[in-house]
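Asks: Pasting structure-v7.cif here (mmCIF, C-alpha atoms and all ligand atoms):
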data_data
loop_
_atom_site.group_PDB
_atom_site.id
_atom_site.type_symbol
_atom_site.label_atom_id
_atom_site.label_comp_id
_atom_site.auth_asym_id
_atom_site.auth_seq_id
_atom_site.Cartn_x
_atom_site.Cartn_y
_atom_site.Cartn_z
ATOM 1 C CA MET A 1 11.084 -20.212 -17.376
ATOM 2 C CA THR A 2 11.341 -16.911 -19.184
ATOM 3 C CA ALA A 3 9.904 -13.683 -17.849
ATOM 4 C CA ILE A 4 6.994 -14.035 -20.261
ATOM 5 C CA ASP A 5 6.127 -17.528 -18.994
ATOM 6 C CA VAL A 6 6.066 -16.192 -15.457
ATOM 7 C CA ALA A 7 3.957 -13.228 -16.479
ATOM 8 C CA ASN A 8 1.505 -15.562 -18.166
ATOM 9 C CA GLY A 9 0.428 -16.854 -14.776
ATOM 10 C CA VAL A 10 -0.255 -13.357 -13.475
ATOM 11 C CA ALA A 11 -3.851 -13.040 -14.670
ATOM 12 C CA GLU A 12 -4.722 -16.454 -13.199
ATOM 13 C CA ARG A 13 -3.098 -15.700 -9.858
ATOM 14 C CA LEU A 14 -4.753 -12.300 -9.720
ATOM 15 C CA ASP A 15 -8.093 -13.970 -10.297
ATOM 16 C CA ALA A 16 -7.375 -16.489 -7.524
ATOM 17 C CA VAL A 17 -6.450 -13.685 -5.106
ATOM 18 C CA ARG A 18 -9.619 -11.774 -5.961
ATOM 19 C CA ARG A 19 -11.697 -14.875 -5.290
ATOM 20 C CA SER A 20 -9.938 -15.427 -1.964
ATOM 21 C CA ILE A 21 -10.622 -11.831 -1.006
ATOM 22 C CA ASP A 22 -14.305 -12.225 -1.849
ATOM 23 C CA LYS A 23 -14.486 -15.461 0.116
ATOM 24 C CA ALA A 24 -12.673 -14.036 3.151
ATOM 25 C CA THR A 25 -14.952 -10.988 3.070
ATOM 26 C CA ALA A 26 -18.093 -13.138 2.916
ATOM 27 C CA ASP A 27 -16.773 -15.560 5.559
ATOM 28 C CA ALA A 28 -16.228 -12.595 7.879
ATOM 29 C CA GLY A 29 -19.878 -11.660 7.411
ATOM 30 C CA ARG A 30 -18.864 -8.417 5.775
ATOM 31 C CA THR A 31 -20.797 -6.737 3.005
ATOM 32 C CA ASP A 32 -18.386 -3.849 2.451
ATOM 33 C CA HIS A 33 -15.687 -3.744 -0.212
ATOM 34 C CA VAL A 34 -12.054 -4.680 0.410
ATOM 35 C CA THR A 35 -9.640 -2.899 -1.931
ATOM 36 C CA LEU A 36 -6.832 -4.966 -3.406
ATOM 37 C CA VAL A 37 -3.594 -3.031 -3.858
ATOM 38 C CA ALA A 38 -1.479 -5.106 -6.268
ATOM 39 C CA VAL A 39 2.134 -4.577 -5.204
ATOM 40 C CA THR A 40 4.296 -4.340 -8.332
ATOM 41 C CA LYS A 41 7.678 -3.385 -6.827
ATOM 42 C CA THR A 42 10.705 -4.967 -8.546
ATOM 43 C CA PHE A 43 8.591 -6.220 -11.493
ATOM 44 C CA GLU A 44 9.030 -4.899 -15.010
ATOM 45 C CA ALA A 45 6.212 -3.304 -16.956
ATOM 46 C CA GLU A 46 5.750 -6.392 -19.142
ATOM 47 C CA HIS A 47 5.271 -8.549 -16.074
ATOM 48 C CA ILE A 48 2.698 -6.133 -14.622
ATOM 49 C CA ARG A 49 0.744 -5.613 -17.829
ATOM 50 C CA PRO A 50 -1.388 -8.825 -17.680
ATOM 51 C CA ALA A 51 -2.792 -7.654 -14.329
ATOM 52 C CA LEU A 52 -3.767 -4.323 -15.874
ATOM 53 C CA VAL A 53 -5.286 -6.056 -18.896
ATOM 54 C CA ALA A 54 -7.295 -8.159 -16.422
ATOM 55 C CA GLY A 55 -8.710 -4.958 -14.966
ATOM 56 C CA GLN A 56 -6.543 -4.352 -11.899
ATOM 57 C CA ARG A 57 -6.212 -0.598 -11.402
ATOM 58 C CA VAL A 58 -5.027 -0.101 -7.803
ATOM 59 C CA VAL A 59 -1.288 -0.732 -7.600
ATOM 60 C CA GLY A 60 1.496 -0.118 -5.091
ATOM 61 C CA GLU A 61 5.199 0.608 -5.306
ATOM 62 C CA ASN A 62 7.823 1.050 -2.594
ATOM 63 C CA ARG A 63 10.175 3.531 -4.181
ATOM 64 C CA VAL A 64 9.665 6.888 -5.828
ATOM 65 C CA GLN A 65 12.440 6.411 -8.411
ATOM 66 C CA GLU A 66 11.293 2.957 -9.462
ATOM 67 C CA ALA A 67 7.681 4.093 -9.783
ATOM 68 C CA LYS A 68 8.755 7.121 -11.790
ATOM 69 C CA ALA A 69 10.603 4.883 -14.246
ATOM 70 C CA LYS A 70 7.696 2.471 -14.753
ATOM 71 C CA TRP A 71 4.317 4.073 -14.285
ATOM 72 C CA PRO A 72 4.090 7.113 -16.562
ATOM 73 C CA ALA A 73 4.222 4.841 -19.647
ATOM 74 C CA LEU A 74 1.815 2.279 -18.176
ATOM 75 C CA ARG A 75 -0.558 5.096 -17.299
ATOM 76 C CA GLU A 76 -0.599 6.184 -20.926
ATOM 77 C CA ALA A 77 -1.721 2.695 -21.905
ATOM 78 C CA PHE A 78 -4.220 2.163 -19.068
ATOM 79 C CA ASP A 79 -6.717 4.726 -17.780
ATOM 80 C CA ASP A 80 -7.549 5.278 -14.141
ATOM 81 C CA ILE A 81 -4.479 3.739 -12.553
ATOM 82 C CA GLU A 82 -4.462 4.466 -8.815
ATOM 83 C CA LEU A 83 -0.844 4.388 -7.675
ATOM 84 C CA HIS A 84 -0.026 3.937 -3.968
ATOM 85 C CA LEU A 85 3.330 4.600 -2.308
ATOM 86 C CA LEU A 86 3.986 1.913 0.308
ATOM 87 C CA GLY A 87 7.647 2.436 1.156
ATOM 88 C CA PRO A 88 9.350 5.031 3.338
ATOM 89 C CA LEU A 89 9.424 8.549 1.907
ATOM 90 C CA GLN A 90 12.320 10.989 2.318
ATOM 91 C CA SER A 91 11.265 14.613 2.590
ATOM 92 C CA ASN A 92 13.496 15.583 -0.358
ATOM 93 C CA LYS A 93 11.360 13.238 -2.511
ATOM 94 C CA ALA A 94 8.021 14.677 -1.373
ATOM 95 C CA LYS A 95 7.637 16.808 -4.476
ATOM 96 C CA GLU A 96 8.118 13.851 -6.832
ATOM 97 C CA ALA A 97 5.893 11.641 -4.687
ATOM 98 C CA VAL A 98 3.055 14.164 -4.724
ATOM 99 C CA ALA A 99 3.340 14.495 -8.499
ATOM 100 C CA LEU A 100 3.299 10.746 -9.096
ATOM 101 C CA PHE A 101 1.219 8.987 -6.433
ATOM 102 C CA ASP A 102 -2.519 9.074 -5.810
ATOM 103 C CA VAL A 103 -2.165 7.675 -2.310
ATOM 104 C CA ILE A 104 0.782 7.872 0.098
ATOM 105 C CA GLN A 105 0.408 5.062 2.657
ATOM 106 C CA SER A 106 3.657 5.711 4.508
ATOM 107 C CA VAL A 107 3.147 9.059 6.259
ATOM 108 C CA ASP A 108 4.923 8.381 9.543
ATOM 109 C CA ARG A 109 6.453 11.554 10.947
ATOM 110 C CA GLU A 110 5.914 15.267 11.211
ATOM 111 C CA LYS A 111 8.696 16.140 8.792
ATOM 112 C CA ILE A 112 7.135 14.044 6.014
ATOM 113 C CA ALA A 113 3.630 15.303 6.711
ATOM 114 C CA THR A 114 4.891 18.884 6.464
ATOM 115 C CA ALA A 115 6.834 18.162 3.268
ATOM 116 C CA ILE A 116 3.787 16.529 1.625
ATOM 117 C CA ALA A 117 1.560 19.444 2.647
ATOM 118 C CA LYS A 118 3.979 21.948 1.159
ATOM 119 C CA ALA A 119 4.557 19.955 -2.045
ATOM 120 C CA ALA A 120 0.808 19.493 -2.494
ATOM 121 C CA ASP A 121 0.242 23.191 -1.995
ATOM 122 C CA ASP A 122 2.892 24.042 -4.608
ATOM 123 C CA ALA A 123 1.580 21.457 -7.080
ATOM 124 C CA GLY A 124 -2.116 22.077 -6.546
ATOM 125 C CA ARG A 125 -2.519 18.313 -6.216
ATOM 126 C CA MET A 126 -3.074 16.539 -2.916
ATOM 127 C CA PRO A 127 -2.687 12.752 -2.678
ATOM 128 C CA ARG A 128 -4.897 10.745 -0.342
ATOM 129 C CA CYS A 129 -2.886 9.743 2.717
ATOM 130 C CA MET A 130 -2.520 6.955 5.227
ATOM 131 C CA VAL A 131 -0.539 7.014 8.456
ATOM 132 C CA GLN A 132 1.892 4.140 8.948
ATOM 133 C CA VAL A 133 1.871 2.717 12.472
ATOM 134 C CA ASN A 134 4.700 0.685 13.998
ATOM 135 C CA ILE A 135 2.117 -1.704 15.399
ATOM 136 C CA GLY A 136 4.647 -4.219 16.759
ATOM 137 C CA ARG A 137 6.827 -1.460 18.291
ATOM 138 C CA GLU A 138 9.870 -2.788 16.399
ATOM 139 C CA PRO A 139 12.957 -0.591 16.836
ATOM 140 C CA GLN A 140 14.091 -0.938 13.206
ATOM 141 C CA LYS A 141 10.682 -0.471 11.610
ATOM 142 C CA ALA A 142 9.124 2.684 10.172
ATOM 143 C CA GLY A 143 5.865 4.003 11.546
ATOM 144 C CA ILE A 144 4.492 6.181 14.301
ATOM 145 C CA GLU A 145 4.217 4.555 17.738
ATOM 146 C CA PRO A 146 0.707 3.293 18.544
ATOM 147 C CA GLU A 147 0.200 5.674 21.496
ATOM 148 C CA GLU A 148 1.196 8.676 19.390
ATOM 149 C CA THR A 149 -1.059 7.794 16.463
ATOM 150 C CA LEU A 150 -4.215 9.700 17.348
ATOM 151 C CA ALA A 151 -2.332 12.968 17.994
ATOM 152 C CA PHE A 152 -0.295 12.498 14.806
ATOM 153 C CA VAL A 153 -3.414 11.890 12.707
ATOM 154 C CA GLU A 154 -4.889 15.118 14.083
ATOM 155 C CA ARG A 155 -1.670 16.935 13.244
ATOM 156 C CA CYS A 156 -1.722 15.591 9.665
ATOM 157 C CA LYS A 157 -5.322 16.718 9.257
ATOM 158 C CA ALA A 158 -4.431 20.161 10.603
ATOM 159 C CA LEU A 159 -1.766 20.347 7.892
ATOM 160 C CA GLY A 160 -4.466 19.587 5.330
ATOM 161 C CA LEU A 161 -3.605 15.946 4.588
ATOM 162 C CA PRO A 162 -6.683 13.867 3.752
ATOM 163 C CA VAL A 163 -5.901 10.916 6.035
ATOM 164 C CA GLU A 164 -8.191 7.990 5.319
ATOM 165 C CA ALA A 165 -6.547 4.955 6.911
ATOM 166 C CA LEU A 166 -3.847 3.522 9.155
ATOM 167 C CA MET A 167 -1.296 1.220 7.518
ATOM 168 C CA ALA A 168 0.891 -1.350 9.272
ATOM 169 C CA ILE A 169 3.181 -4.300 8.666
ATOM 170 C CA PRO A 170 3.103 -6.646 11.679
ATOM 171 C CA PRO A 171 6.366 -8.275 12.877
ATOM 172 C CA VAL A 172 7.312 -11.151 10.534
ATOM 173 C CA ASP A 173 8.004 -13.598 13.355
ATOM 174 C CA GLU A 174 4.743 -13.229 15.276
ATOM 175 C CA PRO A 175 1.164 -14.292 14.564
ATOM 176 C CA PRO A 176 -0.393 -11.265 12.846
ATOM 177 C CA GLY A 177 -3.914 -11.551 14.280
ATOM 178 C CA PRO A 178 -3.344 -9.584 17.517
ATOM 179 C CA HIS A 179 -1.518 -6.875 15.542
ATOM 180 C CA PHE A 180 -4.372 -6.648 13.042
ATOM 181 C CA ASP A 181 -6.803 -6.311 15.952
ATOM 182 C CA ALA A 182 -4.655 -3.611 17.545
ATOM 183 C CA LEU A 183 -4.495 -1.650 14.294
ATOM 184 C CA ALA A 184 -8.246 -2.014 13.733
ATOM 185 C CA ALA A 185 -8.930 -0.730 17.263
ATOM 186 C CA LEU A 186 -6.599 2.215 16.781
ATOM 187 C CA ALA A 187 -8.210 3.004 13.433
ATOM 188 C CA ALA A 188 -11.665 2.907 15.014
ATOM 189 C CA ASP A 189 -10.459 5.406 17.667
ATOM 190 C CA CYS A 190 -9.252 7.677 14.879
ATOM 191 C CA GLY A 191 -12.345 7.186 12.710
ATOM 192 C CA LEU A 192 -10.178 5.740 9.920
ATOM 193 C CA LYS A 193 -9.938 2.658 7.717
ATOM 194 C CA THR A 194 -7.097 0.106 7.758
ATOM 195 C CA SER A 195 -4.472 -1.051 5.265
ATOM 196 C CA MET A 196 -3.157 -4.399 6.498
ATOM 197 C CA GLY A 197 -2.422 -7.868 5.182
ATOM 198 C CA MET A 198 0.057 -9.039 2.525
ATOM 199 C CA SER A 199 0.417 -12.231 0.452
ATOM 200 C CA GLY A 200 0.838 -14.506 3.464
ATOM 201 C CA ASP A 201 -1.937 -13.131 5.625
ATOM 202 C CA TYR A 202 -4.413 -11.017 3.665
ATOM 203 C CA GLU A 203 -7.339 -13.378 4.311
ATOM 204 C CA GLU A 204 -6.685 -13.200 8.035
ATOM 205 C CA ALA A 205 -6.382 -9.411 7.808
ATOM 206 C CA ILE A 206 -9.805 -9.304 6.151
ATOM 207 C CA ALA A 207 -11.225 -11.392 8.997
ATOM 208 C CA HIS A 208 -9.846 -8.690 11.322
ATOM 209 C CA GLY A 209 -11.455 -5.893 9.327
ATOM 210 C CA ALA A 210 -8.866 -4.826 6.718
ATOM 211 C CA ASN A 211 -10.199 -2.316 4.189
ATOM 212 C CA PHE A 212 -7.095 -2.348 1.961
ATOM 213 C CA VAL A 213 -4.883 -5.410 1.468
ATOM 214 C CA ARG A 214 -1.479 -5.119 -0.227
ATOM 215 C CA VAL A 215 -0.625 -8.239 -2.195
ATOM 216 C CA GLY A 216 2.519 -8.685 -4.289
ATOM 217 C CA SER A 217 4.150 -12.097 -4.555
ATOM 218 C CA ALA A 218 0.865 -14.066 -4.524
ATOM 219 C CA ILE A 219 0.034 -12.314 -7.812
ATOM 220 C CA PHE A 220 3.364 -11.610 -9.481
ATOM 221 C CA GLY A 221 5.563 -14.400 -8.091
ATOM 222 C CA SER A 222 8.592 -14.199 -5.856
ATOM 223 C CA ARG A 223 10.908 -11.206 -5.908
ATOM 224 C CA PRO A 224 14.681 -11.131 -5.932
ATOM 225 C CA PRO A 225 15.684 -11.361 -2.246
ATOM 226 C CA ILE A 226 17.482 -8.022 -1.806
ATOM 227 C CA ALA A 227 14.892 -5.908 -3.571
ATOM 228 C CA GLY A 228 11.893 -4.632 -1.812
HETATM 229 C C1 LIG B 1 6.277 -5.626 -0.538
HETATM 230 C C2 LIG B 1 5.180 -5.089 0.300
HETATM 231 C C3 LIG B 1 3.909 -5.685 0.281
HETATM 232 C C4 LIG B 1 3.574 -6.940 -0.514
HETATM 233 O O1 LIG B 1 4.278 -8.026 -0.012
HETATM 234 P P1 LIG B 1 3.945 -9.530 -0.514
HETATM 235 O O2 LIG B 1 4.356 -10.366 0.608
HETATM 236 O O3 LIG B 1 4.737 -9.743 -1.750
HETATM 237 O O4 LIG B 1 2.487 -9.599 -0.773
HETATM 238 C C5 LIG B 1 2.917 -5.093 1.049
HETATM 239 N N1 LIG B 1 3.145 -3.988 1.776
HETATM 240 C C6 LIG B 1 4.340 -3.391 1.806
HETATM 241 C C7 LIG B 1 4.521 -2.169 2.642
HETATM 242 C C8 LIG B 1 5.393 -3.926 1.093
HETATM 243 O O5 LIG B 1 6.597 -3.344 1.156
#
Kindly transcribe the structure held in the file into structure tokens.

Replies:
Amino acid sequence: MTAIDVANGVAERLDAVRRSIDKATADAGRTDHVTLVAVTKTFEAEHIRPALVAGQRVVGENRVQEAKAKWPALREAFDDIELHLLGPLQSNKAKEAVALFDVIQSVDREKIATAIAKAADDAGRMPRCMVQVNIGREPQKAGIEPEETLAFVERCKALGLPVEALMAIPPVDEPPGPHFDALAALAADCGLKTSMGMSGDYEEAIAHGANFVRVGSAIFGSRPPIAG
């Protein structure tokens, strides 16, 4: 299959994911709206385009440089793109991130919160923010520890960051349900929404109260293994 053949399935898969989201939301007895963040990392503009043509506007990338290479041109072609940063941010990239992203989901330490606040102040443009929580307490994984989350959210707010949700990626080798519940409980304590659930578990995340789901491969197909 060529890249174009693969991309041709994108609109259909996007539609299927949207239907599954609607069904999971209704099945959970919810009447609120779940926001789909279509995760476009590693995919070329031509592969992403059918999703934009089909009306998808909320998109996520993991890396500042990759997003910077792809999205300015796509934004010229499509109005109202809402670009989310999902991957770890280095403080020396805060300026570029603030200029490019509408939402930064990966605020996870004081140094980054401070760098975003300063960059936003300089640029006169403040992205919406989410705090990433290391919900499974994995040593190698980014995110603030669960017990430090409330104090960190307060600190971010004191710095002027408009924190609206907690984001987490549960451990890959464990059932996600208990982690989704833990994140939802923590978010309720903080008075925030949740960003949780990916291609393999977004319906379950919705059953556990997810407000934002981040779905990549179920829409765009599988990614090269090293990228991400
Ligand atoms: C890649 C990624 C996703 C999407 O993963 P899929 O399994 O392809 O849906 C969601 N969230 C984050 C933080 C990611 O890095």

Asks: Starting from the PyMOL selection byres (((not hetatm)) within 7 of (chain B and resi 1)), expand the selection into actual residues of this file and give them as a VMD selection string.

Replies: chain A and resid 39 41 62 86 to 87 169 198 to 200 214 to 218 228

Asks: Next, the residues of the selection above should be written as a CSV table (one decimal), in the frame of the given file with C-alpha atoms.

Replies:
chain,number,residue,atom,x,y,z
A,39,VAL,CA,2.1,-4.6,-5.2
A,41,LYS,CA,7.7,-3.4,-6.8
A,62,ASN,CA,7.8,1.0,-2.6
A,86,LEU,CA,4.0,1.9,0.3
A,87,GLY,CA,7.6,2.4,1.2
A,169,ILE,CA,3.2,-4.3,8.7
A,198,MET,CA,0.1,-9.0,2.5
A,199,SER,CA,0.4,-12.2,0.5
A,200,GLY,CA,0.8,-14.5,3.5
A,214,ARG,CA,-1.5,-5.1,-0.2
A,215,VAL,CA,-0.6,-8.2,-2.2
A,216,GLY,CA,2.5,-8.7,-4.3
A,217,SER,CA,4.2,-12.1,-4.6
A,218,ALA,CA,0.9,-14.1,-4.5
A,228,GLY,CA,11.9,-4.6,-1.8

Asks: For Pro50 in chain A, please output as an NGL selection string all residues within 10 Å (counting all atoms listed in the file; exclusion window: fewer than 5 positions along the same chain).

Replies: :A and (7-12 or 14 or 45 or 55-56 or 220)

Asks: Starting from the PyMOL selection byres (((chain A and resi 98) around 10) and not hetatm), expand the selection into actual residues of this file and give them as a PyMOL selection string.

Replies: chain A and resi 64+85+93-97+99-104+115-128

Asks: Please determine an axis-aligned box that encloses all atoms of range 204-213 of chain A listed in the file, with 4 Å added on each side, and express its centre and edge lengths in Å to one decimal as lines of an AutoDock Vina configuration file.

Replies:
center_x = -8.2
center_y = -7.8
center_z = 6.4
size_x = 14.6
size_y = 18.9
size_z = 17.9

Asks: On this structure, the PyMOL selection byres (((chain A and resi 113) around 10) and not hetatm) would catch which residues? List them as number ranges by chain, sorted by chain and number.

Replies: A: 91, 94, 106-112, 114-119, 129, 131, 152-153, 155-157, 159-161

Asks: What does the structure give for the distance between CA of Glu204 in chain A and CA of Asp181 in chain A, in Å to one decimal?

Replies: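 Value for the CA of Glu204 in chain A-CA of Asp181 in chain A distance: 10.5 Å.
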
Asks: Which value, in Å to one decimal, gives the distance between CA of Glu174 in chain A and CA of Val133 in chain A?

Replies: 16.4 Å

Asks: Neighbours of Pro72 in chain A within 12 Å (only C-alpha atoms; same-chain residues fewer than 4 positions away dropped), as a list in words?

Replies: Ala45, Gln65, Glu66, Ala67, Lys68, Glu76, Ala77, Phe78, Asp79, Ile81, Glu82, Leu83, Ala99, Leu100 and Phe101 of chain A

Asks: Is there a way to get, as a PyMOL selection string, all residues within 12 Å of the point (-5.6, -11.9, 1.9) in file coordinates, counting all atoms listed in the file?

Replies: chain A and resi 14+16-25+34-38+195-219

Asks: Between CA of Pro88 in chain A and CA of Arg49 in chain A, what is the distance, to one decimal in Å?

Replies: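 Taking CA of Pro88 in chain A as the start and CA of Arg49 in chain A as the end point, the length is 25.2 Å.
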
Asks: Just checking: using all atoms listed in the file, which residue out of A:Ile135, A:Val58, A:Met130, A:Leu150 ends up closest to Val163 in chain A?

Replies: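 Closest to Val163 in chain A, using all atoms listed in the file: A:Met130.
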
Asks: Name all residues at most 10 Å from Pro171 in chain A (count all atoms listed in the file; drop same-chain ones fewer than 5 positions away) and give them as a list in words.

Replies: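 So the residues in contact are Asn134, Ile135, Gly136, Arg137, Glu138, Lys141, Pro176 and His179 of chain A.
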
Asks: With distances taken over all atoms listed in the file, which residue among A:Ala165, A:Gln140, A:Trp71, A:Pro146 lies nearest Ala188 in chain A?

Replies: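 Closest to Ala188 in chain A of all the choices is A:Ala165.
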
Asks: Start from the incomplete input, build N, CA, C and O atoms for range 131-153 of chain A, and deliver everything as a PDB file, in the frame of the given file.

Replies:
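Just written: selection_25.pdb:
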ATOM      1  N   VAL A 131      -1.595   6.900   7.455  1.00  0.00           N
ATOM      2  CA  VAL A 131      -0.539   7.014   8.456  1.00  0.00           C
ATOM      3  C   VAL A 131      -0.022   5.609   8.777  1.00  0.00           C
ATOM      4  O   VAL A 131      -0.800   4.707   9.101  1.00  0.00           O
ATOM      5  N   GLN A 132       1.285   5.443   8.647  1.00  0.00           N
ATOM      6  CA  GLN A 132       1.892   4.140   8.948  1.00  0.00           C
ATOM      7  C   GLN A 132       2.172   4.045  10.437  1.00  0.00           C
ATOM      8  O   GLN A 132       2.800   4.929  11.030  1.00  0.00           O
ATOM      9  N   VAL A 133       1.722   2.945  11.036  1.00  0.00           N
ATOM     10  CA  VAL A 133       1.871   2.717  12.472  1.00  0.00           C
ATOM     11  C   VAL A 133       2.844   1.558  12.698  1.00  0.00           C
ATOM     12  O   VAL A 133       2.750   0.522  12.043  1.00  0.00           O
ATOM     13  N   ASN A 134       3.772   1.750  13.609  1.00  0.00           N
ATOM     14  CA  ASN A 134       4.700   0.685  13.998  1.00  0.00           C
ATOM     15  C   ASN A 134       3.986  -0.184  15.034  1.00  0.00           C
ATOM     16  O   ASN A 134       4.242  -0.099  16.231  1.00  0.00           O
ATOM     17  N   ILE A 135       3.076  -1.024  14.515  1.00  0.00           N
ATOM     18  CA  ILE A 135       2.117  -1.704  15.399  1.00  0.00           C
ATOM     19  C   ILE A 135       2.788  -2.712  16.328  1.00  0.00           C
ATOM     20  O   ILE A 135       2.304  -2.953  17.430  1.00  0.00           O
ATOM     21  N   GLY A 136       3.927  -3.276  15.890  1.00  0.00           N
ATOM     22  CA  GLY A 136       4.647  -4.219  16.759  1.00  0.00           C
ATOM     23  C   GLY A 136       5.741  -3.557  17.574  1.00  0.00           C
ATOM     24  O   GLY A 136       6.518  -4.244  18.237  1.00  0.00           O
ATOM     25  N   ARG A 137       5.798  -2.224  17.553  1.00  0.00           N
ATOM     26  CA  ARG A 137       6.827  -1.460  18.291  1.00  0.00           C
ATOM     27  C   ARG A 137       8.229  -2.019  18.036  1.00  0.00           C
ATOM     28  O   ARG A 137       9.010  -2.254  18.964  1.00  0.00           O
ATOM     29  N   GLU A 138       8.546  -2.250  16.745  1.00  0.00           N
ATOM     30  CA  GLU A 138       9.870  -2.788  16.399  1.00  0.00           C
ATOM     31  C   GLU A 138      10.847  -1.636  16.219  1.00  0.00           C
ATOM     32  O   GLU A 138      10.572  -0.701  15.469  1.00  0.00           O
ATOM     33  N   PRO A 139      12.008  -1.713  16.876  1.00  0.00           N
ATOM     34  CA  PRO A 139      12.957  -0.591  16.836  1.00  0.00           C
ATOM     35  C   PRO A 139      13.392  -0.217  15.420  1.00  0.00           C
ATOM     36  O   PRO A 139      13.580   0.957  15.121  1.00  0.00           O
ATOM     37  N   GLN A 140      13.548  -1.214  14.542  1.00  0.00           N
ATOM     38  CA  GLN A 140      14.091  -0.938  13.206  1.00  0.00           C
ATOM     39  C   GLN A 140      13.004  -0.543  12.213  1.00  0.00           C
ATOM     40  O   GLN A 140      13.292  -0.186  11.084  1.00  0.00           O
ATOM     41  N   LYS A 141      11.743  -0.638  12.601  1.00  0.00           N
ATOM     42  CA  LYS A 141      10.682  -0.471  11.610  1.00  0.00           C
ATOM     43  C   LYS A 141      10.109   0.941  11.575  1.00  0.00           C
ATOM     44  O   LYS A 141      10.014   1.608  12.589  1.00  0.00           O
ATOM     45  N   ALA A 142       9.750   1.373  10.354  1.00  0.00           N
ATOM     46  CA  ALA A 142       9.124   2.684  10.172  1.00  0.00           C
ATOM     47  C   ALA A 142       7.739   2.684  10.812  1.00  0.00           C
ATOM     48  O   ALA A 142       7.165   1.639  11.094  1.00  0.00           O
ATOM     49  N   GLY A 143       7.227   3.876  11.037  1.00  0.00           N
ATOM     50  CA  GLY A 143       5.865   4.003  11.546  1.00  0.00           C
ATOM     51  C   GLY A 143       5.830   4.776  12.846  1.00  0.00           C
ATOM     52  O   GLY A 143       6.769   4.745  13.631  1.00  0.00           O
ATOM     53  N   ILE A 144       4.702   5.436  13.063  1.00  0.00           N
ATOM     54  CA  ILE A 144       4.492   6.181  14.301  1.00  0.00           C
ATOM     55  C   ILE A 144       4.158   5.165  15.411  1.00  0.00           C
ATOM     56  O   ILE A 144       3.593   4.112  15.142  1.00  0.00           O
ATOM     57  N   GLU A 145       4.535   5.466  16.629  1.00  0.00           N
ATOM     58  CA  GLU A 145       4.217   4.555  17.738  1.00  0.00           C
ATOM     59  C   GLU A 145       2.703   4.547  17.969  1.00  0.00           C
ATOM     60  O   GLU A 145       2.041   5.578  17.797  1.00  0.00           O
ATOM     61  N   PRO A 146       2.165   3.389  18.370  1.00  0.00           N
ATOM     62  CA  PRO A 146       0.707   3.293  18.544  1.00  0.00           C
ATOM     63  C   PRO A 146       0.124   4.404  19.429  1.00  0.00           C
ATOM     64  O   PRO A 146      -0.893   5.021  19.076  1.00  0.00           O
ATOM     65  N   GLU A 147       0.786   4.685  20.568  1.00  0.00           N
ATOM     66  CA  GLU A 147       0.200   5.674  21.496  1.00  0.00           C
ATOM     67  C   GLU A 147       0.278   7.108  20.970  1.00  0.00           C
ATOM     68  O   GLU A 147      -0.401   7.982  21.467  1.00  0.00           O
ATOM     69  N   GLU A 148       1.087   7.323  19.954  1.00  0.00           N
ATOM     70  CA  GLU A 148       1.196   8.676  19.390  1.00  0.00           C
ATOM     71  C   GLU A 148       0.313   8.863  18.158  1.00  0.00           C
ATOM     72  O   GLU A 148       0.252   9.956  17.579  1.00  0.00           O
ATOM     73  N   THR A 149      -0.364   7.785  17.754  1.00  0.00           N
ATOM     74  CA  THR A 149      -1.059   7.794  16.463  1.00  0.00           C
ATOM     75  C   THR A 149      -2.190   8.812  16.395  1.00  0.00           C
ATOM     76  O   THR A 149      -2.281   9.594  15.434  1.00  0.00           O
ATOM     77  N   LEU A 150      -3.049   8.808  17.392  1.00  0.00           N
ATOM     78  CA  LEU A 150      -4.215   9.700  17.348  1.00  0.00           C
ATOM     79  C   LEU A 150      -3.780  11.168  17.219  1.00  0.00           C
ATOM     80  O   LEU A 150      -4.287  11.904  16.364  1.00  0.00           O
ATOM     81  N   ALA A 151      -2.811  11.575  18.047  1.00  0.00           N
ATOM     82  CA  ALA A 151      -2.332  12.968  17.994  1.00  0.00           C
ATOM     83  C   ALA A 151      -1.686  13.262  16.643  1.00  0.00           C
ATOM     84  O   ALA A 151      -1.874  14.353  16.075  1.00  0.00           O
ATOM     85  N   PHE A 152      -0.959  12.281  16.096  1.00  0.00           N
ATOM     86  CA  PHE A 152      -0.295  12.498  14.806  1.00  0.00           C
ATOM     87  C   PHE A 152      -1.316  12.620  13.670  1.00  0.00           C
ATOM     88  O   PHE A 152      -1.164  13.461  12.777  1.00  0.00           O
ATOM     89  N   VAL A 153      -2.348  11.795  13.728  1.00  0.00           N
ATOM     90  CA  VAL A 153      -3.414  11.890  12.707  1.00  0.00           C
ATOM     91  C   VAL A 153      -4.042  13.278  12.751  1.00  0.00           C
ATOM     92  O   VAL A 153      -4.270  13.908  11.710  1.00  0.00           O
TER      93      VAL A 153
END
